[in-house]
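Note: the block below is data10.txt and it holds compact mmCIF, C-alpha atoms and all ligand atoms.
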```txt
# COMPACT_ATOMS: atom_id res chain seq x y z
CA MET A 1 167.92 42.64 188.16
CA PHE A 2 169.28 39.69 186.23
CA ASP A 3 171.11 36.58 187.39
CA LEU A 4 173.56 36.88 184.51
CA ILE A 5 174.23 39.34 181.69
CA VAL A 6 176.35 38.57 178.63
CA LYS A 7 177.41 42.07 177.59
CA GLY A 8 178.17 43.41 174.16
CA GLY A 9 178.17 40.19 172.16
CA THR A 10 177.68 40.05 168.39
CA LEU A 11 174.67 37.87 167.59
CA PRO A 12 174.69 35.59 164.51
CA ASP A 13 172.51 38.16 162.67
CA GLY A 14 175.13 40.88 163.26
CA ARG A 15 173.29 42.81 165.99
CA VAL A 16 175.35 43.82 169.01
CA ALA A 17 173.29 43.28 172.16
CA ASP A 18 173.35 42.38 175.83
CA ILE A 19 171.60 39.17 176.86
CA GLY A 20 169.93 39.26 180.27
CA ILE A 21 169.22 35.93 181.94
CA ARG A 22 166.89 35.12 184.85
CA GLY A 23 166.84 31.56 186.13
CA ASP A 24 167.06 29.22 183.13
CA ARG A 25 165.44 31.66 180.67
CA ILE A 26 166.51 34.55 178.49
CA ALA A 27 164.74 37.61 179.92
CA ALA A 28 165.97 40.38 177.59
CA VAL A 29 168.02 40.88 174.43
CA ASP A 30 168.74 44.58 174.26
CA ARG A 31 171.10 47.30 175.48
CA LEU A 32 171.04 46.73 179.25
CA ASP A 33 173.19 49.68 180.36
CA GLY A 34 173.03 50.15 184.11
CA ALA A 35 171.16 46.90 184.75
CA GLU A 36 172.29 44.91 187.76
CA ALA A 37 173.25 41.29 187.55
CA GLY A 38 174.67 38.61 189.81
CA GLN A 39 177.30 37.84 187.20
CA VAL A 40 178.49 39.66 184.07
CA ILE A 41 180.35 38.12 181.14
CA HIS A 42 181.99 40.68 178.84
CA ALA A 43 181.71 39.40 175.27
CA ASN A 44 183.08 42.69 173.83
CA GLY A 45 182.08 42.01 170.22
CA ASP A 46 182.74 38.26 170.30
CA LEU A 47 180.16 36.09 168.55
CA VAL A 48 177.37 34.91 170.86
CA SER A 49 175.38 32.04 169.39
CA PRO A 50 172.70 29.65 170.53
CA PRO A 51 174.46 26.37 171.38
CA PHE A 52 175.62 23.76 168.90
CA VAL A 53 173.27 20.85 168.25
CA ASP A 54 174.08 17.36 166.92
CA PRO A 55 171.06 15.38 165.67
CA HIS A 56 173.02 12.24 164.73
CA PHE A 57 175.33 10.42 167.10
CA HIS A 58 176.04 6.96 168.55
CA MET A 59 176.68 7.46 172.24
CA ASP A 60 176.57 3.75 173.09
CA ALA A 61 179.67 3.17 170.93
CA THR A 62 181.62 6.37 171.49
CA LEU A 63 185.15 6.50 172.95
CA SER A 64 185.57 2.75 172.41
CA TYR A 65 188.20 2.98 169.66
CA GLY A 66 190.41 -0.14 169.63
CA ILE A 67 188.10 -2.26 171.83
CA PRO A 68 188.45 -5.12 171.13
CA ARG A 69 190.30 -4.21 167.91
CA ILE A 70 190.33 -1.55 165.19
CA ASN A 71 188.43 -1.56 161.89
CA GLN A 72 191.00 -2.84 159.36
CA SER A 73 189.04 -2.18 156.15
CA GLY A 74 187.44 1.12 157.18
CA THR A 75 184.08 -0.03 155.82
CA LEU A 76 180.60 0.33 157.32
CA LEU A 77 180.13 -3.44 157.30
CA GLU A 78 183.34 -4.23 159.21
CA GLY A 79 182.36 -1.47 161.65
CA ILE A 80 179.00 -3.18 162.26
CA THR A 81 180.80 -6.54 162.78
CA LEU A 82 183.28 -4.92 165.17
CA TRP A 83 180.48 -3.22 167.11
CA GLY A 84 178.87 -6.68 167.39
CA GLU A 85 182.08 -7.93 169.05
CA LEU A 86 182.31 -4.90 171.35
CA LYS A 87 178.73 -5.09 172.58
CA GLN A 88 179.29 -8.72 173.67
CA VAL A 89 182.07 -7.73 176.05
CA THR A 90 181.15 -4.26 177.27
CA THR A 91 179.07 -3.54 180.39
CA ILE A 92 176.34 -1.02 181.16
CA ASP A 93 178.68 0.79 183.54
CA GLU A 94 181.43 1.04 180.90
CA MET A 95 178.96 2.41 178.36
CA LYS A 96 177.67 4.96 180.85
CA ALA A 97 181.19 6.08 181.77
CA ARG A 98 182.16 6.55 178.10
CA ALA A 99 178.90 8.35 177.28
CA LEU A 100 179.28 10.71 180.25
CA ALA A 101 182.89 11.44 179.27
CA TYR A 102 181.68 12.30 175.76
CA CYS A 103 178.98 14.58 177.20
CA ASP A 104 181.75 16.41 179.11
CA TRP A 105 183.58 16.94 175.82
CA ALA A 106 180.35 18.12 174.20
CA VAL A 107 179.66 20.69 176.93
CA SER A 108 183.23 21.98 176.67
CA MET A 109 182.57 22.54 172.93
CA GLY A 110 179.23 24.34 173.44
CA LEU A 111 177.34 21.30 172.11
CA LEU A 112 174.29 21.16 174.36
CA ALA A 113 171.75 19.00 172.51
CA ILE A 114 172.43 15.57 171.00
CA ARG A 115 170.20 12.99 169.32
CA SER A 116 171.85 9.61 169.81
CA HIS A 117 170.87 6.36 168.19
CA VAL A 118 171.02 3.45 170.62
CA ASP A 119 171.32 -0.14 169.44
CA THR A 120 168.30 -2.29 170.28
CA CYS A 121 169.78 -5.57 168.96
CA ASP A 122 170.96 -6.81 172.33
CA PRO A 123 168.66 -9.08 174.33
CA GLU A 124 169.57 -7.24 177.55
CA LEU A 125 169.18 -3.79 175.91
CA LYS A 126 172.37 -2.74 177.71
CA GLY A 127 172.83 0.38 175.59
CA VAL A 128 169.23 1.46 176.14
CA GLN A 129 169.53 1.00 179.91
CA ALA A 130 172.85 2.88 179.97
CA LEU A 131 171.71 5.82 177.85
CA LEU A 132 168.32 6.23 179.54
CA ASP A 133 170.31 6.64 182.75
CA VAL A 134 172.77 9.05 181.12
CA ARG A 135 169.85 11.07 179.68
CA GLU A 136 168.65 11.74 183.24
CA THR A 137 172.13 12.45 184.60
CA VAL A 138 172.92 15.09 181.97
CA ARG A 139 169.41 16.59 181.80
CA PRO A 140 170.34 19.67 183.90
CA TYR A 141 172.90 20.74 181.27
CA LEU A 142 172.50 18.72 178.05
CA ASP A 143 169.39 17.65 176.10
CA LEU A 144 169.88 14.03 175.07
CA GLN A 145 167.30 12.51 172.74
CA LEU A 146 167.43 8.76 172.03
CA VAL A 147 166.54 6.82 168.87
CA ALA A 148 165.65 3.11 169.07
CA PHE A 149 168.03 1.78 166.43
CA PRO A 150 167.95 -1.87 165.32
CA GLN A 151 171.58 -1.87 164.15
CA ASP A 152 171.55 -5.46 162.87
CA GLY A 153 168.31 -4.98 160.92
CA LEU A 154 164.68 -4.86 162.07
CA TYR A 155 164.02 -8.20 160.33
CA ARG A 156 167.55 -9.49 159.80
CA ASP A 157 167.93 -9.92 163.56
CA PRO A 158 164.96 -12.04 164.64
CA GLN A 159 164.71 -10.33 168.06
CA ALA A 160 165.20 -6.77 166.83
CA ARG A 161 161.58 -5.77 166.22
CA ASP A 162 160.37 -6.86 169.66
CA GLN A 163 163.37 -5.28 171.35
CA THR A 164 162.93 -2.02 169.45
CA LEU A 165 159.32 -1.84 170.64
CA ARG A 166 160.50 -2.65 174.17
CA ALA A 167 163.04 0.19 174.00
CA LEU A 168 160.25 2.59 172.95
CA ASP A 169 158.14 1.31 175.86
CA MET A 170 161.07 2.09 178.18
CA GLY A 171 161.03 5.74 177.11
CA VAL A 172 163.27 6.02 174.04
CA ASP A 173 162.12 9.11 172.13
CA VAL A 174 162.42 8.37 168.39
CA VAL A 175 161.84 5.40 166.03
CA GLY A 176 164.97 4.32 164.11
CA GLY A 177 165.84 1.80 161.42
CA ILE A 178 168.39 0.72 158.81
CA PRO A 179 166.54 -0.42 155.66
CA HIS A 180 169.69 -0.76 153.49
CA PHE A 181 171.05 -3.37 155.93
CA GLU A 182 168.03 -5.68 155.78
CA ARG A 183 168.63 -8.88 153.76
CA THR A 184 166.83 -7.69 150.62
CA MET A 185 165.57 -4.45 149.10
CA GLU A 186 162.06 -5.83 149.64
CA GLU A 187 162.63 -6.37 153.37
CA GLY A 188 164.22 -2.93 153.57
CA ARG A 189 161.12 -1.43 151.98
CA ALA A 190 158.84 -3.38 154.34
CA SER A 191 160.86 -2.19 157.35
CA VAL A 192 160.34 1.45 156.35
CA THR A 193 156.56 0.94 156.17
CA ASP A 194 156.53 -0.96 159.47
CA LEU A 195 158.58 1.72 161.25
CA CYS A 196 156.45 4.57 159.89
CA ARG A 197 153.34 2.76 161.17
CA ILE A 198 154.97 2.33 164.60
CA ALA A 199 155.91 6.04 164.69
CA ALA A 200 152.38 7.08 163.70
CA GLU A 201 150.71 4.78 166.25
CA ARG A 202 152.92 6.05 169.06
CA GLY A 203 152.98 9.71 168.00
CA LEU A 204 156.79 9.70 167.78
CA PRO A 205 159.32 11.18 165.34
CA ILE A 206 161.13 8.81 163.00
CA ASP A 207 164.82 9.00 162.02
CA LEU A 208 166.17 6.27 159.77
CA HIS A 209 169.71 5.48 158.74
CA CYS A 210 168.65 5.60 155.12
CA ASP A 211 170.61 4.41 152.08
CA GLU A 212 174.04 4.66 153.72
CA THR A 213 175.62 3.03 150.70
CA ASP A 214 177.20 3.85 147.33
CA ASP A 215 174.53 1.77 145.57
CA PRO A 216 172.49 4.19 143.42
CA MET A 217 169.63 1.67 143.45
CA SER A 218 169.26 1.97 147.21
CA ARG A 219 166.09 4.06 147.12
CA HIS A 220 164.55 3.61 150.56
CA ILE A 221 164.31 7.39 150.86
CA GLU A 222 161.59 7.24 148.19
CA THR A 223 159.61 4.72 150.26
CA LEU A 224 160.20 6.79 153.40
CA ALA A 225 158.81 9.90 151.70
CA ALA A 226 155.73 8.08 150.42
CA GLU A 227 155.02 6.41 153.78
CA VAL A 228 155.61 9.64 155.73
CA ILE A 229 152.91 11.26 153.60
CA ARG A 230 150.58 8.23 153.92
CA TYR A 231 150.92 8.10 157.73
CA GLY A 232 150.82 11.90 158.23
CA LEU A 233 154.36 12.11 159.62
CA GLN A 234 155.30 15.28 157.72
CA GLY A 235 157.76 17.42 159.67
CA ARG A 236 158.57 14.55 162.07
CA ALA A 237 160.84 12.45 159.85
CA THR A 238 164.58 12.52 159.22
CA GLY A 239 166.59 10.72 156.56
CA SER A 240 170.06 10.25 158.00
CA HIS A 241 173.05 9.86 155.63
CA LEU A 242 171.23 9.49 152.25
CA THR A 243 174.63 8.76 150.71
CA SER A 244 173.22 6.74 147.79
CA MET A 245 171.81 10.04 146.45
CA HIS A 246 175.44 10.97 145.69
CA SER A 247 175.54 8.18 143.09
CA MET A 248 171.97 8.28 141.77
CA ASP A 249 170.95 9.08 138.23
CA ASN A 250 170.16 12.80 137.89
CA TYR A 251 166.79 12.21 136.24
CA TYR A 252 165.64 10.03 139.12
CA VAL A 253 166.86 12.63 141.63
CA SER A 254 164.84 15.30 139.82
CA LYS A 255 161.73 13.33 140.81
CA LEU A 256 163.00 12.46 144.30
CA LEU A 257 163.89 15.96 145.54
CA PRO A 258 160.35 17.41 145.33
CA LEU A 259 159.01 14.22 146.91
CA ILE A 260 161.34 14.66 149.93
CA ALA A 261 160.25 18.31 150.14
CA GLU A 262 156.56 17.34 149.97
CA ALA A 263 157.05 14.86 152.83
CA GLU A 264 158.90 17.55 154.84
CA ILE A 265 161.65 15.05 155.61
CA ALA A 266 164.83 16.58 157.02
CA ALA A 267 168.11 15.39 155.49
CA LEU A 268 171.04 14.69 157.75
CA PRO A 269 174.41 14.02 156.15
CA ASN A 270 177.34 13.18 158.42
CA PRO A 271 180.28 14.52 156.40
CA LEU A 272 183.23 13.27 158.47
CA ILE A 273 181.90 9.73 158.38
CA ASN A 274 180.40 9.73 154.88
CA ILE A 275 183.65 10.67 153.19
CA VAL A 276 185.71 8.02 154.98
CA ILE A 277 183.16 5.17 154.85
CA GLN A 278 181.78 5.63 151.32
CA GLY A 279 183.73 4.94 148.15
CA ARG A 280 185.76 2.14 149.77
CA HIS A 281 184.99 -0.19 146.85
CA ASP A 282 185.95 2.41 144.22
CA THR A 283 189.26 2.70 142.44
CA PHE A 284 189.30 6.07 140.67
CA PRO A 285 187.39 8.30 140.45
CA LYS A 286 186.65 7.66 144.13
CA ARG A 287 183.21 8.78 145.28
CA ARG A 288 182.88 10.66 148.55
CA GLY A 289 179.26 9.75 149.22
CA LEU A 290 178.00 13.07 150.55
CA THR A 291 174.31 13.54 149.76
CA ARG A 292 173.12 16.42 147.54
CA VAL A 293 173.16 19.16 150.15
CA LYS A 294 172.80 22.25 147.95
CA GLU A 295 170.13 20.63 145.80
CA LEU A 296 168.07 19.55 148.82
CA ARG A 297 168.35 23.04 150.33
CA ALA A 298 167.26 24.58 147.02
CA TYR A 299 164.02 22.58 147.35
CA GLY A 300 163.45 24.01 150.82
CA VAL A 301 164.41 20.79 152.60
CA THR A 302 165.83 21.26 156.10
CA VAL A 303 169.41 19.97 155.98
CA GLY A 304 171.70 19.69 159.01
CA TRP A 305 175.18 18.34 159.62
CA GLY A 306 175.67 15.43 162.05
CA GLN A 307 178.76 14.14 163.84
CA ASP A 308 177.73 10.44 163.87
CA CYS A 309 180.87 8.93 165.40
CA VAL A 310 183.80 9.84 167.66
CA LEU A 311 186.51 7.24 168.41
CA ASP A 312 184.40 4.15 167.74
CA PRO A 313 184.30 1.12 165.39
CA TRP A 314 183.60 3.38 162.40
CA TYR A 315 185.73 6.48 162.97
CA PRO A 316 189.14 6.90 164.64
CA LEU A 317 189.03 10.67 165.31
CA GLY A 318 186.68 13.39 166.57
CA THR A 319 186.30 15.84 169.46
CA ALA A 320 182.57 16.69 169.76
CA ASP A 321 183.29 19.87 167.80
CA MET A 322 180.35 20.71 165.52
CA LEU A 323 182.49 23.40 163.84
CA ASP A 324 184.78 20.57 162.63
CA VAL A 325 181.72 18.81 161.24
CA ALA A 326 180.43 21.93 159.47
CA PHE A 327 183.93 22.76 158.21
CA MET A 328 184.26 19.35 156.56
CA GLY A 329 180.72 19.52 155.17
CA LEU A 330 181.40 22.96 153.72
CA HIS A 331 184.42 21.61 151.82
CA VAL A 332 182.93 18.38 150.53
CA ALA A 333 179.67 20.09 149.46
CA GLN A 334 181.71 22.97 147.98
CA MET A 335 179.67 25.54 149.93
CA THR A 336 182.24 28.32 149.64
CA HIS A 337 180.01 31.28 148.70
CA PRO A 338 179.66 33.59 151.74
CA ASP A 339 175.93 32.81 151.98
CA GLU A 340 176.66 29.08 151.83
CA MET A 341 179.40 29.28 154.48
CA ARG A 342 177.01 31.16 156.71
CA ALA A 343 174.39 28.46 156.04
CA CYS A 344 176.87 25.83 157.24
CA PHE A 345 177.04 27.56 160.64
CA ASP A 346 173.22 27.69 160.79
CA MET A 347 173.10 23.98 159.91
CA VAL A 348 174.94 23.03 163.14
CA THR A 349 172.86 25.44 165.21
CA THR A 350 169.32 26.47 164.17
CA GLU A 351 168.75 23.85 161.43
CA ASN A 352 169.92 20.99 163.65
CA ALA A 353 167.72 22.36 166.47
CA ARG A 354 164.73 22.26 164.10
CA ILE A 355 165.54 18.63 163.18
CA MET A 356 165.60 17.68 166.88
CA GLY A 357 162.39 19.62 167.49
CA LEU A 358 163.95 21.59 170.35
CA ASN A 359 161.61 23.98 172.14
CA GLY A 360 162.82 27.38 173.34
CA TYR A 361 165.95 27.33 171.20
CA GLY A 362 167.16 30.81 170.22
CA PHE A 363 167.48 34.32 171.52
CA GLU A 364 163.89 35.46 172.03
CA PRO A 365 162.83 36.43 175.56
CA GLY A 366 161.47 33.26 177.15
CA ASP A 367 163.86 30.98 175.26
CA MET A 368 166.14 28.65 177.19
CA ALA A 369 169.19 30.53 178.48
CA SER A 370 171.73 28.38 176.65
CA LEU A 371 174.45 30.00 174.56
CA VAL A 372 178.07 29.94 173.58
CA VAL A 373 180.52 32.86 173.28
CA LEU A 374 183.06 32.20 170.54
CA ASP A 375 186.53 33.60 169.94
CA ALA A 376 185.38 34.99 166.57
CA ALA A 377 183.58 38.06 165.26
CA HIS A 378 180.99 36.31 163.07
CA PRO A 379 179.78 32.82 162.05
CA VAL A 380 182.09 32.40 159.05
CA GLU A 381 185.11 33.40 161.11
CA ALA A 382 184.03 30.87 163.74
CA LEU A 383 184.06 28.20 161.04
CA ARG A 384 187.41 29.26 159.59
CA LEU A 385 189.08 29.21 163.00
CA ARG A 386 187.01 26.41 164.57
CA ALA A 387 186.97 29.12 167.20
CA SER A 388 187.51 28.51 170.88
CA ARG A 389 184.35 28.40 173.00
CA LEU A 390 185.22 31.09 175.52
CA TRP A 391 182.11 30.71 177.71
CA VAL A 392 179.35 28.12 177.53
CA ILE A 393 176.07 28.82 179.33
CA SER A 394 173.53 26.01 179.71
CA LYS A 395 170.05 26.63 181.14
CA GLY A 396 171.28 29.76 182.89
CA ASN A 397 174.49 28.30 184.33
CA LEU A 398 178.09 28.78 183.26
CA VAL A 399 179.19 25.22 182.43
CA ALA A 400 182.48 25.59 180.53
CA GLN A 401 185.27 28.04 179.76
CA ASN A 402 188.13 27.82 177.26
CA PRO A 403 191.10 30.14 176.72
CA ARG A 404 191.43 32.33 173.65
CA ASP A 405 193.40 30.77 170.81
CA THR A 406 196.58 32.83 170.61
CA ALA A 407 200.19 31.86 170.12
CA ARG A 408 203.46 33.46 171.18
CA LEU A 409 205.84 34.24 168.35
CA VAL A 410 209.61 34.24 168.71
CA LEU A 411 210.66 36.11 165.58
CA PRO A 412 213.00 39.10 165.35
CA GLY A 413 211.13 42.29 164.42
CA ARG A 414 207.70 40.67 164.55
CA PRO A 415 204.98 40.96 167.23
CA GLU A 416 205.27 38.66 170.23
CA GLN A 417 201.73 37.43 169.92
CA VAL A 418 199.83 36.22 166.86
CA ASP A 419 196.05 36.44 166.63
CA ARG A 420 194.52 34.66 163.65
CA ARG A 421 191.33 36.73 163.81
CA LEU A 422 191.08 39.50 161.23
FE FE2 B 501 174.79 6.72 162.36
```
I need this file expressed as structure tokens, please.
Ligand code: FE2
Amino acid sequence: MFDLIVKGGTLPDGRVADIGIRGDRIAAVDRLDGAEAGQVIHANGDLVSPPFVDPHFHMDATLSYGIPRINQSGTLLEGITLWGELKQVTTIDEMKARALAYCDWAVSMGLLAIRSHVDTCDPELKGVQALLDVRETVRPYLDLQLVAFPQDGLYRDPQARDQTLRALDMGVDVVGGIPHFERTMEEGRASVTDLCRIAAERGLPIDLHCDETDDPMSRHIETLAAEVIRYGLQGRATGSHLTSMHSMDNYYVSKLLPLIAEAEIAALPNPLINIVIQGRHDTFPKRRGLTRVKELRAYGVTVGWGQDCVLDPWYPLGTADMLDVAFMGLHVAQMTHPDEMRACFDMVTTENARIMGLNGYGFEPGDMASLVVLDAAHPVEALRLRASRLWVISKGNLVAQNPRDTARLVLPGRPEQVDRRL
């Protein structure tokens, strides 16, 4: 007897199986003919995947587009200035309301785990207070992990270091930083060492906004790799963005890639944001700033895709759809071979889950009963269609449903309904 059975779904590896759920756990992945269940969902060959995961987001800023004004230049630096204006005027309650609204969008898109950076450069730590509260509110259906992020620079803002430590004391999960925004390369380098020491002392993961610039001499990733090895943080560190690697000299990168692999640092590009924020000072050719995804993967580095921003001071679009993120990443990284397209789907599911260190993620008996049924037959079709999330199950409960994506045609001699699946 199961609480819920998802019948006849196609798993990402191509197997067709029934998934039996008891409580909040997967109890069986098999043919479950004749088994009884409180509820049955008929997937009938539709793709059934573990949920989408986003390891890079800014939930304290989301859904604030236009408050108090829009970003005129489109640059990272004006976005940081604008965020500085917004955080003066916004309240904890407003931040919570926007974050919860975003979590609703995420659940509707089958996105059930998010790592959000939270700005610690506010003497009241309003964002930290708001998101710690939101983390508890959404815990029954969404795993929210928080990164203590000194947006204005660990040293550039004189209060930031103390406040970042205070945020960690309050229960924020991950150590963050922004070395390329410190006043000098030297201070950036020192901040990386300092933050790695803090992560090691506290036994926490570390996830730095690292080299989010077109400057090929921004090489904080090299320092991060060396310090991760020195402090024994292998497998617990993430380099977010790494856009300067797009512009680096190839010889230097040939030394850097094995160093990143040795340090077991995960790489986390954010394609929607990288391609609109980077290259703003270029004429033509105009760089797109995406890090070297295929090359990192070839060295065995874990690479995910992050969303980063939705309707905030840096980005005027977005819907919490990780298929949109993977779709854009696939194009910009030119990952059009079937194996590479398939990898792009894994990057927003299993690879991102590995970066967040999620336990019980997947389809083994005993894993968390969280999954999404997609209006597609296989992962690449899901990407092509940005397929509708027909049913979303979180921790054993049905939490969202969406209709199939079909359209009615009004054409003489043609079918009345068009289905874009093949
Ligand atoms: Fe970010």
Can you tell me which residues surround stretch 221-234 of chain A at a distance of at most 6 Å, considering all atoms listed in the file, apart from same-chain residues fewer than 5 positions away, and format the answer as a list in words?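 Counting only the stated atoms, we get Ile260, Ala263 and Glu264 of chain A.
We find atom CA of A:Gly8 and atom CA of A:Leu358 to be spaced 26.3 Å apart.
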Considering all atoms listed in the file, give me a table of residues in chain A that are at most 7 Å from ligand FE2 501 (chain B), with the closest atom pair and distance in Å for each, as a tab-separated table.
```
residue	atom	partner	partner_atom	distance
A:His56	CA	B:FE2_501	FE	6.3
A:Phe57	CA	B:FE2_501	FE	6.0
A:His58	CA	B:FE2_501	FE	6.3
A:His209	CA	B:FE2_501	FE	6.4
A:Asp308	CA	B:FE2_501	FE	5.0
```
Restricting to only C-alpha atoms, whichever of A:Leu411, A:Val392, A:Val175, A:Met1 is closest to A:Ser370 is A:Val392
Between A:Arg139, A:Arg292, A:Lys286, A:Arg297, single out the one closest to A:Met248, counting only C-alpha atoms.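 Comparing A:Arg139, A:Arg292, A:Lys286, A:Arg297 against A:Met248, the winner is A:Arg292.
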Any idea what's packed within 9 Å of A:His42, counting only C-alpha atoms, ignoring anything in its chain fewer than 6 positions away? Could you give it as a PyMOL selection string? chain A and resi 5-9
Per residue of stretch 377-402 of chain A within 9 Å of stretch 315-329 of chain A, which atom pair is closest and at what distance in Å (one decimal), using only C-alpha atoms, listed by chain and increasing number, as JSON lines?
```
{"residue": "A:Ala382", "atom": "CA", "partner": "A:Leu323", "partner_atom": "CA", "distance": 7.6}
{"residue": "A:Leu383", "atom": "CA", "partner": "A:Leu323", "partner_atom": "CA", "distance": 5.8}
{"residue": "A:Arg384", "atom": "CA", "partner": "A:Phe327", "partner_atom": "CA", "distance": 7.5}
{"residue": "A:Leu385", "atom": "CA", "partner": "A:Leu323", "partner_atom": "CA", "distance": 8.8}
{"residue": "A:Arg386", "atom": "CA", "partner": "A:Leu323", "partner_atom": "CA", "distance": 5.5}
{"residue": "A:Ala387", "atom": "CA", "partner": "A:Leu323", "partner_atom": "CA", "distance": 8.0}
```
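All residues of protein, DNA or RNA that reach within 10 Å of A:Leu290, judged by all atoms listed in the file and not counting those fewer than 5 positions away in the chain, are Glu212, Asp214, His241, Leu242, Thr243, Ser244, Met245, His246, Ser247, Pro269, Asn270, Pro271, Leu272, Ile273, Asn274, Ile275, Gln278, Gly329, Val332 and Ala333 of chain A.
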I'd like the contact shell of A:Asn402 - 10 Å cut-off, only C-alpha atoms, skipping same-chain residues fewer than 6 positions apart - returned as an mmCIF file with C-alpha atoms, in the coordinates of the input.
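Written file, result-v9.cif:
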```
data_model
loop_
_atom_site.group_PDB
_atom_site.id
_atom_site.type_symbol
_atom_site.label_atom_id
_atom_site.label_comp_id
_atom_site.auth_asym_id
_atom_site.auth_seq_id
_atom_site.Cartn_x
_atom_site.Cartn_y
_atom_site.Cartn_z
ATOM 1 C CA SER A 108 183.230 21.980 176.670
ATOM 2 C CA MET A 109 182.570 22.540 172.930
ATOM 3 C CA VAL A 373 180.520 32.860 173.280
ATOM 4 C CA LEU A 374 183.060 32.200 170.540
ATOM 5 C CA ASP A 375 186.530 33.600 169.940
ATOM 6 C CA SER A 388 187.510 28.510 170.880
ATOM 7 C CA ARG A 389 184.350 28.400 173.000
ATOM 8 C CA LEU A 390 185.220 31.090 175.520
ATOM 9 C CA TRP A 391 182.110 30.710 177.710
ATOM 10 C CA VAL A 392 179.350 28.120 177.530
#
```
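For the pair atom CA of A:Trp314 and atom CA of A:Gly79, the interatomic distance is 5.1 Å.
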Between A:Gly177, A:Val276, A:Ala369, A:Ile198, single out the one closest to A:Leu398, counting only C-alpha atoms.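 When distances to A:Leu398 are compared using only C-alpha atoms, the smallest one comes from A:Ala369.
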Between atom CA of A:Gln145 and atom CA of A:Asp119, measure the distance and give it in Å to one decimal. 13.7 Å
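Between A:Ile21 and the candidates A:Gly84, A:Gly357, A:Gly74, A:Gly38, the tightest atom-to-atom separation, counting only C-alpha atoms, involves A:Gly38.
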With N, CA and C atoms as the goal, would you fill in the gaps in stretch 268-280 of chain A and present it as a JSON list (two decimals), in the frame of the given file?
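Written out: out24.json:
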```
[["chain", "number", "residue", "atom", "x", "y", "z"],
["A", 268, "LEU", "N", 169.96, 14.55, 156.79],
["A", 268, "LEU", "CA", 171.04, 14.69, 157.75],
["A", 268, "LEU", "C", 172.30, 13.95, 157.32],
["A", 269, "PRO", "N", 173.11, 14.61, 156.48],
["A", 269, "PRO", "CA", 174.41, 14.02, 156.15],
["A", 269, "PRO", "C", 175.36, 14.11, 157.33],
["A", 270, "ASN", "N", 176.32, 13.21, 157.36],
["A", 270, "ASN", "CA", 177.34, 13.18, 158.42],
["A", 270, "ASN", "C", 178.70, 13.22, 157.73],
["A", 271, "PRO", "N", 179.19, 14.41, 157.36],
["A", 271, "PRO", "CA", 180.28, 14.52, 156.40],
["A", 271, "PRO", "C", 181.58, 13.82, 156.81],
["A", 272, "LEU", "N", 181.96, 13.90, 158.08],
["A", 272, "LEU", "CA", 183.23, 13.27, 158.47],
["A", 272, "LEU", "C", 183.18, 11.77, 158.22],
["A", 273, "ILE", "N", 182.03, 11.18, 158.49],
["A", 273, "ILE", "CA", 181.90, 9.73, 158.38],
["A", 273, "ILE", "C", 181.63, 9.34, 156.93],
["A", 274, "ASN", "N", 180.76, 10.08, 156.25],
["A", 274, "ASN", "CA", 180.40, 9.73, 154.88],
["A", 274, "ASN", "C", 181.64, 9.68, 153.99],
["A", 275, "ILE", "N", 182.52, 10.64, 154.13],
["A", 275, "ILE", "CA", 183.65, 10.67, 153.19],
["A", 275, "ILE", "C", 184.71, 9.62, 153.51],
["A", 276, "VAL", "N", 184.74, 9.09, 154.72],
["A", 276, "VAL", "CA", 185.71, 8.02, 154.98],
["A", 276, "VAL", "C", 185.10, 6.62, 154.82],
["A", 277, "ILE", "N", 183.78, 6.50, 154.95],
["A", 277, "ILE", "CA", 183.16, 5.17, 154.85],
["A", 277, "ILE", "C", 182.76, 4.86, 153.41],
["A", 278, "GLN", "N", 182.26, 5.87, 152.70],
["A", 278, "GLN", "CA", 181.78, 5.63, 151.32],
["A", 278, "GLN", "C", 182.97, 5.56, 150.36],
["A", 279, "GLY", "N", 182.71, 5.00, 149.20],
["A", 279, "GLY", "CA", 183.73, 4.94, 148.15],
["A", 279, "GLY", "C", 184.84, 3.92, 148.41],
["A", 280, "ARG", "N", 184.69, 3.09, 149.42],
["A", 280, "ARG", "CA", 185.76, 2.14, 149.77],
["A", 280, "ARG", "C", 185.91, 1.03, 148.73]]
```
